[in-house]
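*Asks:* Quick one, work.cif (mmCIF, C-alpha atoms):
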```cif
data_coords
#
loop_
_atom_site.label_atom_id
_atom_site.label_comp_id
_atom_site.auth_asym_id
_atom_site.auth_seq_id
_atom_site.Cartn_x
_atom_site.Cartn_y
_atom_site.Cartn_z
CA MET J 1 73.35 -45.92 49.34
CA VAL J 2 70.35 -43.79 48.30
CA SER J 3 72.35 -42.22 45.42
CA MET J 4 73.00 -45.71 44.02
CA THR J 5 69.33 -46.84 44.29
CA ARG J 6 67.81 -44.05 42.21
CA PRO J 7 69.75 -44.84 38.98
CA LEU J 8 68.92 -48.50 39.44
CA ARG J 9 65.25 -47.69 39.96
CA THR J 10 65.25 -45.49 36.86
CA LEU J 11 66.88 -48.25 34.83
CA LEU J 12 64.26 -50.81 35.96
CA VAL J 13 61.34 -48.50 35.14
CA SER J 14 62.78 -47.81 31.68
CA ALA J 15 63.18 -51.51 31.00
CA LEU J 16 59.60 -52.20 32.08
CA LEU J 17 58.27 -49.42 29.86
CA PHE J 18 60.24 -50.73 26.87
CA THR J 19 58.86 -54.24 27.38
CA THR J 20 55.28 -52.94 27.58
CA LEU J 21 55.68 -50.98 24.36
CA CYS J 22 57.11 -54.00 22.57
CA GLU J 23 54.19 -56.19 23.66
CA ALA J 24 51.74 -53.60 22.38
CA SER J 25 53.49 -53.35 19.00
CA PHE J 26 54.08 -57.08 18.58
CA PRO J 27 51.12 -59.08 19.95
CA ALA J 28 51.43 -62.64 21.13
CA SER J 29 51.89 -65.32 18.48
CA THR J 30 48.77 -66.56 16.68
CA GLU J 31 50.48 -69.45 15.00
CA ASN J 32 47.80 -71.91 16.19
CA PRO J 33 44.75 -69.83 17.13
CA PRO J 34 41.66 -71.67 18.32
CA GLU J 35 39.12 -72.11 15.53
CA ALA J 36 36.05 -69.93 15.99
CA LYS J 37 32.96 -72.01 15.44
CA PRO J 38 30.15 -70.11 13.72
CA SER J 39 26.96 -69.75 15.73
CA HIS J 40 23.89 -70.91 13.79
CA GLY J 41 20.43 -70.27 15.12
CA TRP J 42 17.85 -72.74 13.87
CA ALA J 43 15.03 -71.58 11.62
CA ILE J 44 12.21 -73.08 9.58
CA SER J 45 9.75 -71.88 6.97
CA ILE J 46 6.79 -73.66 5.37
CA HIS J 47 4.34 -72.96 2.57
CA GLY J 48 0.94 -74.34 1.65
CA GLY J 49 0.78 -73.15 -1.92
CA ALA J 50 0.11 -69.91 -3.76
CA GLY J 51 -2.83 -68.72 -5.82
CA GLU J 52 -5.30 -66.14 -6.97
CA SER J 53 -8.97 -67.00 -6.40
CA GLU J 54 -8.27 -68.15 -2.83
CA TRP J 55 -7.41 -64.61 -1.86
CA GLU J 56 -10.25 -63.07 -3.85
CA HIS J 57 -12.96 -65.12 -2.17
CA MET J 58 -11.54 -66.09 1.23
CA ASP J 59 -13.82 -65.50 4.20
CA ALA J 60 -12.93 -65.30 7.90
CA ALA J 61 -13.68 -68.98 8.58
CA THR J 62 -11.44 -70.13 5.73
CA GLU J 63 -8.63 -67.84 6.81
CA THR J 64 -8.85 -69.16 10.37
CA ALA J 65 -8.77 -72.78 9.19
CA TYR J 66 -5.67 -72.26 7.07
CA HIS J 67 -3.99 -70.26 9.83
CA GLU J 68 -4.49 -73.08 12.32
CA SER J 69 -3.27 -75.72 9.87
CA LEU J 70 -0.11 -73.81 9.01
CA ALA J 71 0.60 -73.13 12.68
CA LYS J 72 0.28 -76.86 13.47
CA ALA J 73 2.70 -77.86 10.71
CA LEU J 74 5.17 -75.15 11.68
CA ALA J 75 5.07 -76.29 15.31
CA ALA J 76 5.85 -79.87 14.26
CA GLY J 77 8.99 -78.77 12.42
CA SER J 78 10.06 -76.33 15.12
CA ALA J 79 9.71 -79.00 17.80
CA VAL J 80 12.37 -81.08 16.04
CA LEU J 81 14.79 -78.17 15.88
CA LYS J 82 14.18 -77.17 19.50
CA GLN J 83 15.26 -80.67 20.50
CA HIS J 84 18.49 -80.24 18.49
CA GLY J 85 17.18 -82.40 15.66
CA SER J 86 18.35 -82.16 12.07
CA ALA J 87 16.98 -79.86 9.39
CA LEU J 88 16.12 -82.99 7.40
CA ASP J 89 13.95 -84.37 10.20
CA ALA J 90 12.32 -80.96 10.67
CA VAL J 91 11.20 -80.49 7.06
CA GLU J 92 9.87 -84.05 6.89
CA ALA J 93 7.90 -83.57 10.12
CA ALA J 94 6.33 -80.31 8.91
CA VAL J 95 5.40 -81.67 5.49
CA LYS J 96 3.85 -84.83 6.94
CA VAL J 97 1.40 -82.68 8.91
CA LEU J 98 0.45 -80.81 5.73
CA GLU J 99 0.07 -84.09 3.81
CA ASP J 100 -2.48 -85.23 6.40
CA ASP J 101 -4.47 -81.99 6.17
CA PRO J 102 -7.24 -82.06 3.52
CA LEU J 103 -7.03 -78.28 3.10
CA PHE J 104 -3.84 -78.69 1.09
CA ASN J 105 -3.16 -80.34 -2.24
CA ALA J 106 -0.77 -83.02 -0.97
CA GLY J 107 -1.35 -86.45 0.52
CA ARG J 108 -4.92 -86.52 1.84
CA GLY J 109 -6.76 -83.89 -0.17
CA SER J 110 -4.66 -84.33 -3.31
CA ALA J 111 -5.94 -83.24 -6.71
CA PHE J 112 -7.27 -85.80 -9.18
CA ALA J 113 -5.90 -86.75 -12.57
CA ALA J 114 -8.40 -86.89 -15.45
CA ASP J 115 -9.06 -90.57 -14.75
CA GLY J 116 -10.17 -89.79 -11.19
CA LYS J 117 -7.03 -91.12 -9.49
CA ASN J 118 -4.63 -89.38 -7.12
CA GLU J 119 -1.03 -89.24 -8.36
CA MET J 120 1.22 -87.79 -5.68
CA ASP J 121 4.76 -86.39 -5.98
CA ALA J 122 7.38 -85.43 -3.36
CA ALA J 123 11.06 -84.62 -2.97
CA ILE J 124 13.52 -84.07 -0.14
CA MET J 125 17.15 -82.87 -0.18
CA ASN J 126 19.95 -82.76 2.40
CA GLY J 127 21.98 -79.57 2.03
CA ALA J 128 24.94 -81.01 3.95
CA THR J 129 25.60 -83.83 1.48
CA LEU J 130 23.49 -82.97 -1.59
CA ALA J 131 21.79 -86.33 -1.14
CA ALA J 132 18.26 -86.24 -2.52
CA GLY J 133 15.26 -88.48 -3.06
CA SER J 134 11.99 -88.07 -4.89
CA VAL J 135 8.89 -89.92 -6.02
CA ALA J 136 6.21 -89.25 -8.63
CA ASP J 137 2.77 -90.64 -9.43
CA VAL J 138 2.43 -92.69 -6.25
CA GLU J 139 -1.11 -93.68 -5.25
CA PHE J 140 -1.10 -95.49 -1.92
CA THR J 141 1.59 -94.08 0.39
CA ARG J 142 0.11 -91.96 3.18
CA HIS J 143 3.20 -89.75 3.38
CA PRO J 144 4.92 -89.38 0.00
CA ILE J 145 7.61 -87.20 1.62
CA SER J 146 8.70 -90.15 3.78
CA LEU J 147 8.85 -92.34 0.68
CA ALA J 148 11.07 -89.73 -1.01
CA ARG J 149 13.38 -89.88 2.00
CA ALA J 150 13.43 -93.68 1.84
CA VAL J 151 14.52 -93.47 -1.80
CA MET J 152 17.32 -91.11 -0.74
CA GLU J 153 18.51 -93.22 2.18
CA HIS J 154 17.83 -96.81 1.09
CA THR J 155 18.50 -96.91 -2.65
CA PRO J 156 21.30 -95.73 -4.95
CA TYR J 157 18.70 -93.70 -6.86
CA VAL J 158 17.33 -90.18 -6.66
CA MET J 159 13.89 -90.73 -8.19
CA MET J 160 11.31 -93.52 -8.40
CA VAL J 161 7.88 -93.31 -10.05
CA GLY J 162 4.53 -95.06 -10.39
CA PRO J 163 3.86 -98.68 -9.40
CA GLY J 164 7.54 -99.34 -8.78
CA ALA J 165 7.67 -96.56 -6.21
CA ASP J 166 4.50 -97.86 -4.55
CA GLU J 167 5.97 -101.38 -4.39
CA PHE J 168 9.18 -100.00 -2.86
CA SER J 169 7.07 -98.12 -0.32
CA ARG J 170 5.38 -101.33 0.79
CA ALA J 171 8.75 -103.08 1.04
CA GLN J 172 9.98 -100.27 3.28
CA GLY J 173 7.05 -100.75 5.62
CA LEU J 174 5.63 -97.28 5.03
CA GLU J 175 1.95 -96.79 5.79
CA GLN J 176 -0.34 -97.60 2.85
CA GLN J 177 -3.88 -96.35 2.35
CA PRO J 178 -6.63 -97.01 -0.21
CA PRO J 179 -7.79 -94.29 -2.61
CA SER J 180 -10.74 -93.52 -0.32
CA PHE J 181 -8.31 -92.23 2.35
CA PHE J 182 -6.96 -89.50 0.08
CA PHE J 183 -10.42 -88.56 -1.23
CA THR J 184 -12.16 -85.42 0.02
CA GLU J 185 -15.54 -84.29 -1.22
CA MET J 186 -14.40 -80.70 -1.48
CA ARG J 187 -11.48 -81.58 -3.77
CA TRP J 188 -13.66 -83.93 -5.85
CA GLN J 189 -16.27 -81.24 -6.43
CA GLU J 190 -13.51 -78.85 -7.47
CA PHE J 191 -12.17 -81.52 -9.85
CA ALA J 192 -15.62 -82.23 -11.31
CA ALA J 193 -16.18 -78.53 -12.00
CA ILE J 194 -12.84 -78.29 -13.82
CA MET J 195 -13.60 -81.35 -15.92
CA ARG J 196 -17.04 -80.05 -16.95
CA ALA J 197 -15.65 -76.60 -17.72
CA SER J 198 -13.13 -78.18 -20.11
CA GLY J 199 -15.79 -80.31 -21.81
CA ARG J 200 -14.49 -83.61 -20.43
CA PRO J 201 -16.57 -86.31 -18.74
CA VAL J 202 -16.31 -86.72 -14.99
CA PRO J 203 -15.03 -90.25 -14.24
CA PRO J 204 -16.66 -92.55 -11.67
CA ARG J 205 -15.96 -91.75 -8.03
CA PRO J 206 -13.12 -93.82 -6.52
CA ALA J 207 -14.06 -97.13 -4.93
CA GLY J 208 -14.88 -97.04 -1.25
CA VAL J 209 -15.85 -93.36 -1.04
CA PRO J 210 -19.31 -92.21 0.07
CA ALA J 211 -21.98 -91.92 -2.59
CA ALA J 212 -22.36 -88.59 -4.31
CA PRO J 213 -24.49 -86.12 -2.34
CA VAL J 214 -28.15 -86.29 -3.40
CA ALA J 215 -28.75 -82.62 -2.64
CA ALA J 216 -26.53 -79.79 -3.75
CA TYR J 217 -23.17 -80.12 -2.03
CA THR J 218 -22.50 -77.47 0.60
CA PRO J 219 -18.87 -77.52 1.75
CA ALA J 220 -17.81 -76.50 5.23
CA LEU J 221 -15.49 -73.99 3.58
CA PRO J 222 -15.91 -72.28 0.21
CA ILE J 223 -14.70 -74.30 -2.79
CA PHE J 224 -12.11 -72.48 -4.84
CA ALA J 225 -9.61 -73.65 -7.43
CA HIS J 226 -6.49 -74.02 -5.28
CA ARG J 227 -4.33 -74.31 -8.38
CA PHE J 228 -0.94 -74.15 -6.70
CA GLY J 229 -1.66 -76.09 -3.52
CA THR J 230 1.75 -77.71 -3.25
CA VAL J 231 3.23 -77.79 0.27
CA GLY J 232 6.86 -77.48 1.31
CA ALA J 233 9.38 -76.66 4.00
CA VAL J 234 12.95 -75.41 4.30
CA ALA J 235 14.99 -75.47 7.50
CA ARG J 236 18.36 -74.74 9.09
CA ASP J 237 19.36 -76.70 12.18
CA GLY J 238 21.64 -75.74 15.07
CA GLU J 239 24.67 -77.09 13.21
CA GLY J 240 24.01 -74.80 10.27
CA HIS J 241 22.87 -77.55 7.90
CA LEU J 242 20.05 -76.94 5.44
CA ALA J 243 17.26 -79.11 4.04
CA ALA J 244 14.27 -78.71 1.73
CA ALA J 245 11.13 -80.80 1.16
CA THR J 246 8.16 -80.45 -1.19
CA SER J 247 5.00 -82.53 -1.68
CA THR J 248 2.04 -82.19 -4.02
CA GLY J 249 -1.07 -83.86 -5.35
CA GLY J 250 -0.41 -82.37 -8.76
CA MET J 251 -2.75 -80.44 -11.03
CA GLN J 252 -6.52 -80.93 -11.09
CA GLY J 253 -7.66 -82.72 -14.24
CA LYS J 254 -4.13 -83.34 -15.51
CA LEU J 255 -3.46 -86.13 -17.97
CA PRO J 256 -2.46 -89.28 -16.06
CA GLY J 257 1.30 -89.51 -15.84
CA ARG J 258 1.99 -85.77 -15.92
CA VAL J 259 4.75 -84.77 -13.47
CA GLY J 260 5.42 -81.22 -12.34
CA ASP J 261 8.38 -79.49 -10.70
CA SER J 262 7.94 -80.60 -7.08
CA PRO J 263 9.80 -83.95 -7.33
CA LEU J 264 12.44 -82.63 -9.73
CA ILE J 265 15.63 -81.71 -7.89
CA GLY J 266 16.67 -78.23 -8.96
CA ALA J 267 13.23 -77.26 -10.28
CA GLY J 268 10.84 -77.17 -7.32
CA THR J 269 13.20 -78.44 -4.61
CA TYR J 270 16.87 -77.82 -3.84
CA ALA J 271 19.23 -77.51 -0.85
CA SER J 272 22.94 -76.88 -0.41
CA ASP J 273 24.77 -75.70 2.71
CA HIS J 274 26.93 -73.54 0.42
CA SER J 275 24.03 -71.42 -0.82
CA CYS J 276 20.44 -72.00 0.28
CA ALA J 277 17.44 -74.31 0.50
CA VAL J 278 14.36 -73.72 -1.68
CA SER J 279 10.85 -75.13 -1.97
CA GLY J 280 8.55 -73.80 -4.68
CA THR J 281 4.90 -73.77 -5.62
CA GLY J 282 3.32 -72.71 -8.89
CA VAL J 283 2.97 -73.78 -12.50
CA GLY J 284 5.46 -76.63 -12.57
CA GLU J 285 6.23 -76.52 -16.28
CA TYR J 286 7.78 -73.06 -15.92
CA PHE J 287 9.75 -73.92 -12.78
CA ILE J 288 11.17 -76.89 -14.68
CA ARG J 289 12.23 -74.82 -17.68
CA LEU J 290 14.03 -72.34 -15.45
CA THR J 291 15.45 -74.93 -13.02
CA LEU J 292 14.15 -72.26 -10.69
CA ALA J 293 15.08 -73.61 -7.26
CA ARG J 294 18.70 -74.25 -8.26
CA GLN J 295 18.90 -70.90 -10.00
CA VAL J 296 17.91 -69.08 -6.80
CA CYS J 297 20.81 -70.78 -5.05
CA THR J 298 23.19 -69.94 -7.90
CA LEU J 299 22.35 -66.25 -7.53
CA VAL J 300 23.01 -66.50 -3.79
CA GLU J 301 26.39 -68.10 -4.51
CA GLN J 302 27.15 -65.17 -6.81
CA GLY J 303 26.57 -62.65 -4.03
CA GLN J 304 22.89 -61.78 -4.09
CA THR J 305 20.93 -61.91 -0.85
CA PRO J 306 18.32 -64.67 -0.61
CA GLN J 307 15.57 -62.06 -0.97
CA GLN J 308 17.17 -60.52 -4.05
CA ALA J 309 17.67 -63.94 -5.63
CA ALA J 310 14.12 -65.07 -4.91
CA ASP J 311 12.58 -61.82 -6.14
CA HIS J 312 14.61 -61.88 -9.34
CA MET J 313 13.49 -65.37 -10.28
CA ILE J 314 9.86 -64.96 -9.17
CA HIS J 315 9.20 -61.41 -10.34
CA SER J 316 11.45 -61.20 -13.41
CA GLU J 317 12.41 -64.60 -14.85
CA LEU J 318 9.21 -66.54 -14.08
CA PRO J 319 6.64 -64.04 -15.42
CA ALA J 320 8.81 -63.47 -18.50
CA LEU J 321 7.46 -66.86 -19.57
CA LYS J 322 3.78 -66.35 -20.36
CA GLY J 323 1.81 -68.14 -17.66
CA GLY J 324 4.69 -68.28 -15.19
CA GLU J 325 3.14 -67.96 -11.74
CA GLY J 326 4.07 -69.09 -8.26
CA GLY J 327 6.35 -68.52 -5.32
CA VAL J 328 9.23 -69.86 -3.23
CA ILE J 329 10.44 -70.02 0.33
CA VAL J 330 14.22 -69.72 0.81
CA MET J 331 16.58 -70.49 3.70
CA ALA J 332 20.26 -69.46 3.75
CA PRO J 333 23.07 -70.62 6.07
CA THR J 334 22.57 -67.40 8.08
CA GLY J 335 19.70 -64.97 8.52
CA ASP J 336 15.94 -65.35 8.53
CA PRO J 337 14.03 -67.39 5.94
CA VAL J 338 12.46 -65.34 3.14
CA TRP J 339 9.69 -65.81 0.60
CA SER J 340 8.56 -64.34 -2.68
CA SER J 341 5.47 -64.84 -4.88
CA ASN J 342 3.93 -63.18 -7.94
CA THR J 343 0.39 -64.36 -7.16
CA LEU J 344 -2.17 -62.54 -5.02
CA GLY J 345 -1.03 -64.57 -2.05
CA MET J 346 0.88 -67.54 -0.67
CA PHE J 347 0.09 -69.57 2.44
CA ARG J 348 3.30 -69.37 4.46
CA ALA J 349 4.78 -69.41 7.95
CA ARG J 350 8.17 -69.27 9.64
CA GLU J 351 9.87 -69.45 13.00
CA VAL J 352 13.40 -68.42 13.96
CA GLU J 353 15.15 -69.45 17.16
CA GLY J 354 14.39 -66.93 19.87
CA SER J 355 11.44 -65.35 18.03
CA ALA J 356 7.71 -65.96 17.94
CA PRO J 357 6.25 -67.94 15.02
CA GLU J 358 4.74 -66.01 12.10
CA VAL J 359 1.80 -67.32 10.09
CA HIS J 360 0.59 -65.51 6.98
CA VAL J 361 -2.63 -66.44 5.19
CA LYS J 362 -3.16 -63.23 3.23
#
```
How would this structure read if it were set down as structure tokens?
*Replies:*
Amino acid sequence: MVSMTRPLRTLLVSALLFTTLCEASFPASTENPPEAKPSHGWAISIHGGAGESEWEHMDAATETAYHESLAKALAAGSAVLKQHGSALDAVEAAVKVLEDDPLFNAGRGSAFAADGKNEMDAAIMNGATLAAGSVADVEFTRHPISLARAVMEHTPYVMMVGPGADEFSRAQGLEQQPPSFFFTEMRWQEFAAIMRASGRPVPPRPAGVPAAPVAAYTPALPIFAHRFGTVGAVARDGEGHLAAATSTGGMQGKLPGRVGDSPLIGAGTYASDHSCAVSGTGVGEYFIRLTLARQVCTLVEQGQTPQQAADHMIHSELPALKGGEGGVIVMAPTGDPVWSSNTLGMFRAREVEGSAPEVHVK
């Protein structure tokens, strides 16, 4: 009986070993493998403009004020993403805070055209759908970025300008304010100095604002020509979708009706889930000629990292045009947001899921 069991046992062990070897050489079928969903951590970056003289003459009090303002706007955008909100909602929330802050050249605190009026521009873009909306030369809407979003979501258009945009804003129920709301003495004094320096008359102060100071005006913070005070934000939400938003009060002393790059999709603002989201600040005419924001994304599509693409456009292409100055913030579908500028500095901040916020004033 024992002599018969051993061959049988040997045969069974051999069969088991053969089966194990076959399973190792030929793994189980993967005909219908479960789809691996990419993990996207949310992230957001904002900017409050770039420049030169700001960084040459900035004192500790000014630096602290800008740091606090940037941190507040960043927190507003991050709060949306922490609650699983969309990138589109996040960039709008961050920019609205900056539009309400008189330190920045957007919304309240906007620059003045040569006729003494505020003409505000803004744009927003959804990277998931390539839907976009923008406005230019609006005078009464408290938050131009929200008006840009209304154009995107409630019209078949991409861009509206001037009185027609203001009328649409009222029809949409967006908050309206008189010129006195957007006026700040600091920005007006900056404007007046620029007008005098160029040999042009200073127009009357807007209706409803306080009378001109009798004594020499002493601002709470030093007055400096914040030439590139545009604000903007880029974000990636938990679903991996991108968005970009930009808002500006334009250029001090510009001819009425001049429009820069901020509201032009592809110039100062662009977003696509397939490449990146970009918001720029600088001399708009050069950003327009280079379609700079879209070009950054094109370079990313061609294999460059977001940092390489941003640096190439900002440090090579932009300064190749005499007078080309400014910077960008860039967000890709993966990785941390990046920034690049060819000025002495750029007000900027960012936060990435799981990390502490960063705020950079110098």
*Asks:* Take CA of Arg149 (chain J) and CA of Ala277 (chain J) and report the distance between them in Å, one decimal.
*Replies:*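 Taking CA of Arg149 (chain J) and CA of Ala277 (chain J), their separation equals 16.2 Å.
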*Asks:* Could you check the closest approach to Asn342 (chain J) for each of J:Val80, J:Leu147, J:Val361, J:Ala310 and tell me which residue wins, using only C-alpha atoms?
*Replies:*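 The closest residue to Asn342 (chain J) is J:Ala310.
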*Asks:* With all atoms listed in the file as the basis for distance, which of J:Gly229, J:Gly77, J:Gly326, J:Gly173 is at the shortest distance from Leu103 (chain J)?
*Replies:*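 Counting all atoms listed in the file, the residue closest to Leu103 (chain J) is J:Gly229.
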*Asks:* Taking the file as shown, what set of residues would the PyMOL selection byres ((chain J and resi 209) around 9) give back, as a short mmCIF file (atom, residue, chain, number, x, y, z; two decimals) with C-alpha atoms, keeping the file's coordinate frame?
*Replies:*
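Saved file expr_19.cif follows:
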```cif
data_model
loop_
_atom_site.label_atom_id
_atom_site.label_comp_id
_atom_site.auth_asym_id
_atom_site.auth_seq_id
_atom_site.Cartn_x
_atom_site.Cartn_y
_atom_site.Cartn_z
CA PRO J 179 -7.79 -94.29 -2.61
CA SER J 180 -10.74 -93.52 -0.32
CA PHE J 181 -8.31 -92.23 2.35
CA PHE J 183 -10.42 -88.56 -1.23
CA THR J 184 -12.16 -85.42 0.02
CA ARG J 205 -15.96 -91.75 -8.03
CA PRO J 206 -13.12 -93.82 -6.52
CA ALA J 207 -14.06 -97.13 -4.93
CA GLY J 208 -14.88 -97.04 -1.25
CA PRO J 210 -19.31 -92.21 0.07
CA ALA J 211 -21.98 -91.92 -2.59
CA ALA J 212 -22.36 -88.59 -4.31
#
```
*Asks:* For Gly41 (chain J), list every protein, DNA or RNA residue within 9 Å, evaluated using all atoms listed in the file, and leave out those in the same chain fewer than 3 positions away; present the list as number ranges by chain.
*Replies:* J: 236-240, 334-335, 352-354
*Asks:* In Å to one decimal, how far is CA of Val338 (chain J) from CA of Gly303 (chain J)?
*Replies:*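 If I compute the distance from CA of Gly303 (chain J) to CA of Val338 (chain J), I get 16.1 Å.
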*Asks:* Of the residues J:Asn105, J:Ser316, J:Ser355, J:Thr291, which is the one nearest to Val231 (chain J), using only C-alpha atoms?
*Replies:*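 Smallest separation from Val231 (chain J) among the options: J:Asn105.
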*Asks:* Which one of J:Thr343, J:Glu351, J:Val330, J:Glu317 sits closest to Glu56 (chain J) if you count all atoms listed in the file?
*Replies:*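 So, comparing all the options, the nearest one is J:Thr343.
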*Asks:* Tell me which protein, DNA and RNA residues are within 6 Å of Arg294 (chain J), counting all atoms listed in the file, leaving out same-chain ones fewer than 3 positions away, and put them as a list in words.
*Replies:*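 Those residues are Gly266, Tyr270, Thr291 and Cys297 of chain J.
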*Asks:* Quick one: residues within 8 Å of Ile314 (chain J), only C-alpha atoms, excluding same-chain residues fewer than 6 positions away - as a ChimeraX atom specification?
*Replies:* /J:325-328,340-342
*Asks:* Env of Trp55 (chain J): 9 Å cut, atoms = all atoms listed in the file, seq-sep filter 4 positions within chain, self excluded. Answer as a PyMOL selection string.
*Replies:* chain J and resi 51+59+344-346+361-362
*Asks:* Can you tell me which residues surround Glu153 (chain J) at a distance of at most 9 Å, considering only C-alpha atoms, apart from same-chain residues fewer than 5 positions away, and format the answer as a VMD selection string?
*Replies:* chain J and resid 131 to 133 148
*Asks:* Here is a test: counting all atoms listed in the file, which residue of J:Phe168, J:Trp339, J:Trp188, J:Phe182 is nearest to Pro213 (chain J)?
*Replies:*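 The shortest atom-to-atom distance to Pro213 (chain J) comes from J:Trp188.
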*Asks:* Would you work out the distance separating CA of Gln252 (chain J) from CA of Pro201 (chain J), expressed in Å to one decimal?
*Replies:*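 Rounded to one decimal, the two atoms are 13.7 Å apart.
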*Asks:* Tell me which residues the PyMOL selection byres ((chain J and resi 187) around 10) grabs here, as an MDAnalysis selection string.
*Replies:* chainID J and resid 102:105 108:112 182:186 188:193 223:226 252
*Asks:* Taking all atoms listed in the file into account, which of J:Gly127, J:Gly85, J:Pro163, J:Gly107 comes nearest Ala243 (chain J)?
*Replies:*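 Ranking J:Gly127, J:Gly85, J:Pro163, J:Gly107 by distance to Ala243 (chain J), first place goes to J:Gly127.
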